file run.cif (mmCIF, C-alpha atoms)
data_coords
#
loop_
_atom_site.group_PDB
_atom_site.id
_atom_site.type_symbol
_atom_site.label_atom_id
_atom_site.label_comp_id
_atom_site.auth_asym_id
_atom_site.auth_seq_id
_atom_site.Cartn_x
_atom_site.Cartn_y
_atom_site.Cartn_z
ATOM 1 C CA MET A 14 0.000 0.000 0.000
ATOM 2 C CA GLU A 15 1.067 3.555 -0.650
ATOM 3 C CA LYS A 16 2.164 5.867 2.165
ATOM 4 C CA TYR A 17 1.080 9.486 2.488
ATOM 5 C CA VAL A 18 2.623 12.279 4.576
ATOM 6 C CA LEU A 19 0.182 14.751 6.108
ATOM 7 C CA ASN A 20 1.278 18.076 7.629
ATOM 8 C CA ILE A 21 -1.312 19.280 10.114
ATOM 9 C CA ASP A 22 -1.305 22.641 11.921
ATOM 10 C CA MET A 23 -3.537 22.550 14.969
ATOM 11 C CA THR A 24 -4.250 24.261 18.242
ATOM 12 C CA MET A 25 -3.437 22.098 21.193
ATOM 13 C CA CYS A 26 -6.142 21.480 23.723
ATOM 14 C CA GLU A 27 -7.168 18.497 25.767
ATOM 15 C CA GLY A 28 -7.792 15.493 23.522
ATOM 16 C CA ALA A 29 -6.865 17.186 20.213
ATOM 17 C CA LEU A 30 -4.132 14.711 19.288
ATOM 18 C CA VAL A 31 -6.325 11.760 20.229
ATOM 19 C CA ARG A 32 -9.129 13.058 17.994
ATOM 20 C CA VAL A 33 -6.800 13.429 14.996
ATOM 21 C CA LEU A 34 -5.261 9.984 15.458
ATOM 22 C CA SER A 35 -8.602 8.275 16.056
ATOM 23 C CA THR A 36 -10.018 9.904 12.903
ATOM 24 C CA ILE A 37 -7.096 8.498 10.929
ATOM 25 C CA GLU A 38 -7.690 5.033 12.333
ATOM 26 C CA ARG A 39 -11.496 5.097 11.942
ATOM 27 C CA ARG A 40 -11.175 6.110 8.278
ATOM 28 C CA GLY A 41 -9.190 2.979 7.396
ATOM 29 C CA PHE A 42 -5.606 4.198 7.676
ATOM 30 C CA SER A 43 -2.781 3.177 9.969
ATOM 31 C CA VAL A 44 -0.155 5.521 11.370
ATOM 32 C CA ALA A 45 3.301 4.561 10.067
ATOM 33 C CA ALA A 46 5.192 7.523 11.595
ATOM 34 C CA LEU A 47 4.397 10.506 13.769
ATOM 35 C CA ASN A 48 6.440 13.649 14.412
ATOM 36 C CA MET A 49 5.436 16.611 16.570
ATOM 37 C CA PRO A 50 8.219 19.198 16.951
ATOM 38 C CA ALA A 51 8.248 21.971 19.558
ATOM 39 C CA ALA A 52 5.217 24.211 19.803
ATOM 40 C CA LYS A 53 4.815 27.277 17.601
ATOM 41 C CA ALA A 54 3.170 30.496 18.770
ATOM 42 C CA SER A 55 -0.049 29.650 16.908
ATOM 43 C CA GLY A 56 -0.203 26.010 18.033
ATOM 44 C CA ARG A 57 1.433 22.761 17.043
ATOM 45 C CA SER A 58 2.578 21.258 13.793
ATOM 46 C CA LEU A 59 2.052 17.544 13.379
ATOM 47 C CA THR A 60 3.564 15.395 10.624
ATOM 48 C CA VAL A 61 1.891 12.014 10.218
ATOM 49 C CA THR A 62 2.789 9.298 7.733
ATOM 50 C CA VAL A 63 -0.263 7.156 7.065
ATOM 51 C CA GLN A 64 -0.901 4.034 5.056
ATOM 52 C CA ALA A 65 -4.282 2.877 3.747
ATOM 53 C CA LEU A 66 -5.377 -0.536 5.001
ATOM 54 C CA SER A 67 -7.130 -1.148 1.674
ATOM 55 C CA SER A 68 -7.148 0.430 -1.766
ATOM 56 C CA ALA A 69 -10.795 1.374 -1.128
ATOM 57 C CA TYR A 70 -9.740 4.102 1.320
ATOM 58 C CA LYS A 71 -8.928 7.461 -0.289
ATOM 59 C CA ILE A 72 -6.522 10.046 1.137
ATOM 60 C CA ASP A 73 -8.618 13.034 0.034
ATOM 61 C CA ILE A 74 -11.577 11.814 2.083
ATOM 62 C CA LEU A 75 -9.332 11.377 5.123
ATOM 63 C CA MET A 76 -7.953 14.889 4.694
ATOM 64 C CA ARG A 77 -11.469 16.377 4.521
ATOM 65 C CA GLN A 78 -12.466 14.530 7.689
ATOM 66 C CA ILE A 79 -9.388 15.760 9.571
ATOM 67 C CA ALA A 80 -9.942 19.332 8.325
ATOM 68 C CA ARG A 81 -13.440 19.265 9.874
ATOM 69 C CA LEU A 82 -12.009 18.805 13.365
ATOM 70 C CA GLN A 83 -12.315 21.996 15.380
ATOM 71 C CA GLU A 84 -8.648 22.080 16.457
ATOM 72 C CA VAL A 85 -7.235 21.693 12.934
ATOM 73 C CA GLN A 86 -6.195 24.979 11.338
ATOM 74 C CA LYS A 87 -4.563 23.649 8.169
ATOM 75 C CA ILE A 88 -3.814 20.295 6.560
ATOM 76 C CA GLU A 89 -1.720 19.564 3.479
ATOM 77 C CA GLN A 90 -0.250 16.496 1.874
ATOM 78 C CA SER A 91 3.462 16.103 1.208
ATOM 79 C CA ILE A 92 5.074 13.616 -1.103
ATOM 80 C CA ALA A 93 6.108 10.470 0.732
ATOM 81 C CA THR A 94 9.643 9.329 0.109
ATOM 82 C CA SER A 95 9.768 5.708 -0.874
ATOM 83 C CA GLN A 96 11.800 3.367 1.256
ATOM 84 C CA PRO A 97 14.553 1.400 -0.474
ATOM 85 C CA ARG A 98 13.499 -2.165 -1.074
ATOM 86 C CA ARG A 99 15.223 -4.809 0.985
ATOM 87 C CA ARG A 100 17.041 -7.573 -0.777
ATOM 88 C CA SER A 101 15.792 -11.036 -0.123
ATOM 89 C CA ALA A 102 17.984 -13.590 1.621
ATOM 90 C CA GLY A 103 18.418 -15.489 -1.672
ATOM 91 C CA VAL A 104 19.865 -12.442 -3.429
ATOM 92 C CA LEU A 105 22.243 -11.819 -0.527
ATOM 93 C CA ARG A 106 23.474 -15.438 -0.592
ATOM 94 C CA PHE A 107 24.075 -15.120 -4.342
ATOM 95 C CA LEU A 108 26.037 -11.895 -3.880
ATOM 96 C CA ARG A 109 28.193 -13.446 -1.149
ATOM 97 C CA LYS A 110 29.081 -16.349 -3.445
ATOM 98 C CA ALA A 111 29.700 -14.117 -6.467
ATOM 99 C CA VAL A 112 32.048 -11.681 -4.722
ATOM 100 C CA PRO A 113 35.085 -13.276 -3.030
ATOM 101 C CA HIS A 114 35.696 -12.284 0.598
ATOM 102 C CA THR A 115 38.872 -10.349 -0.231
ATOM 103 C CA GLN A 116 36.983 -8.041 -2.628
ATOM 104 C CA ARG A 117 34.119 -7.206 -0.293
ATOM 105 C CA ALA A 118 33.957 -3.722 1.144
ATOM 106 C CA THR A 119 34.230 -3.628 4.913
#
call {"tool": "encode", "arguments": {"input": "run.cif", "output": "structure tokens"}}
result
Amino acid sequence: MEKYVLNIDMTMCEGALVRVLSTIERRGFSVAALNMPAAKASGRSLTVTVQALSSAYKIDILMRQIARLQEVQKIEQSIATSQPRRRSAGVLRFLRKAVPHTQRAT
């Protein structure tokens, strides 16, 4: 599934973070990463990386639902950086056999 990065500016009050995170979960997304740096004068900035649990769930619908929360001042989507793919154990075994030990980088 594809990952999306959401930048959310919000005022902090009791339960605000819980409401944002529960909205994400109830709308069929899981939180892959969460970052909340130090507070700004106008509130807090929250960066959340989310992943849809199914292709039926759309990011634009999630963003509209989050924007409706009273504490949310602004929400925008950033481009998610793709993670490098891991090599399987079979490929690693092949590479170890193909490159003699003396030529391997340490």
call {"tool": "resolve_selection", "arguments": {"input": "run.cif", "expression": "the PyMOL selection byres ((chain A and resi 44-54) around 12)", "output": "PyMOL selection string"}}
result
chain A and resi 14-25+30+33-43+55-66+93
call {"tool": "atom_distance", "arguments": {"input": "run.cif", "atom1": "atom CA of Cys26 of chain A", "atom2": "atom CA of Lys71 of chain A"}}
result
27.9 Å
call {"tool": "atom_distance", "arguments": {"input": "run.cif", "atom1": "atom CA of Gly28 of chain A", "atom2": "atom CA of Ser68 of chain A"}}
result
29.4 Å
call {"tool": "atom_distance", "arguments": {"input": "run.cif", "atom1": "atom CA of Val85 of chain A", "atom2": "atom CA of Asp73 of chain A"}}
result
15.6 Å
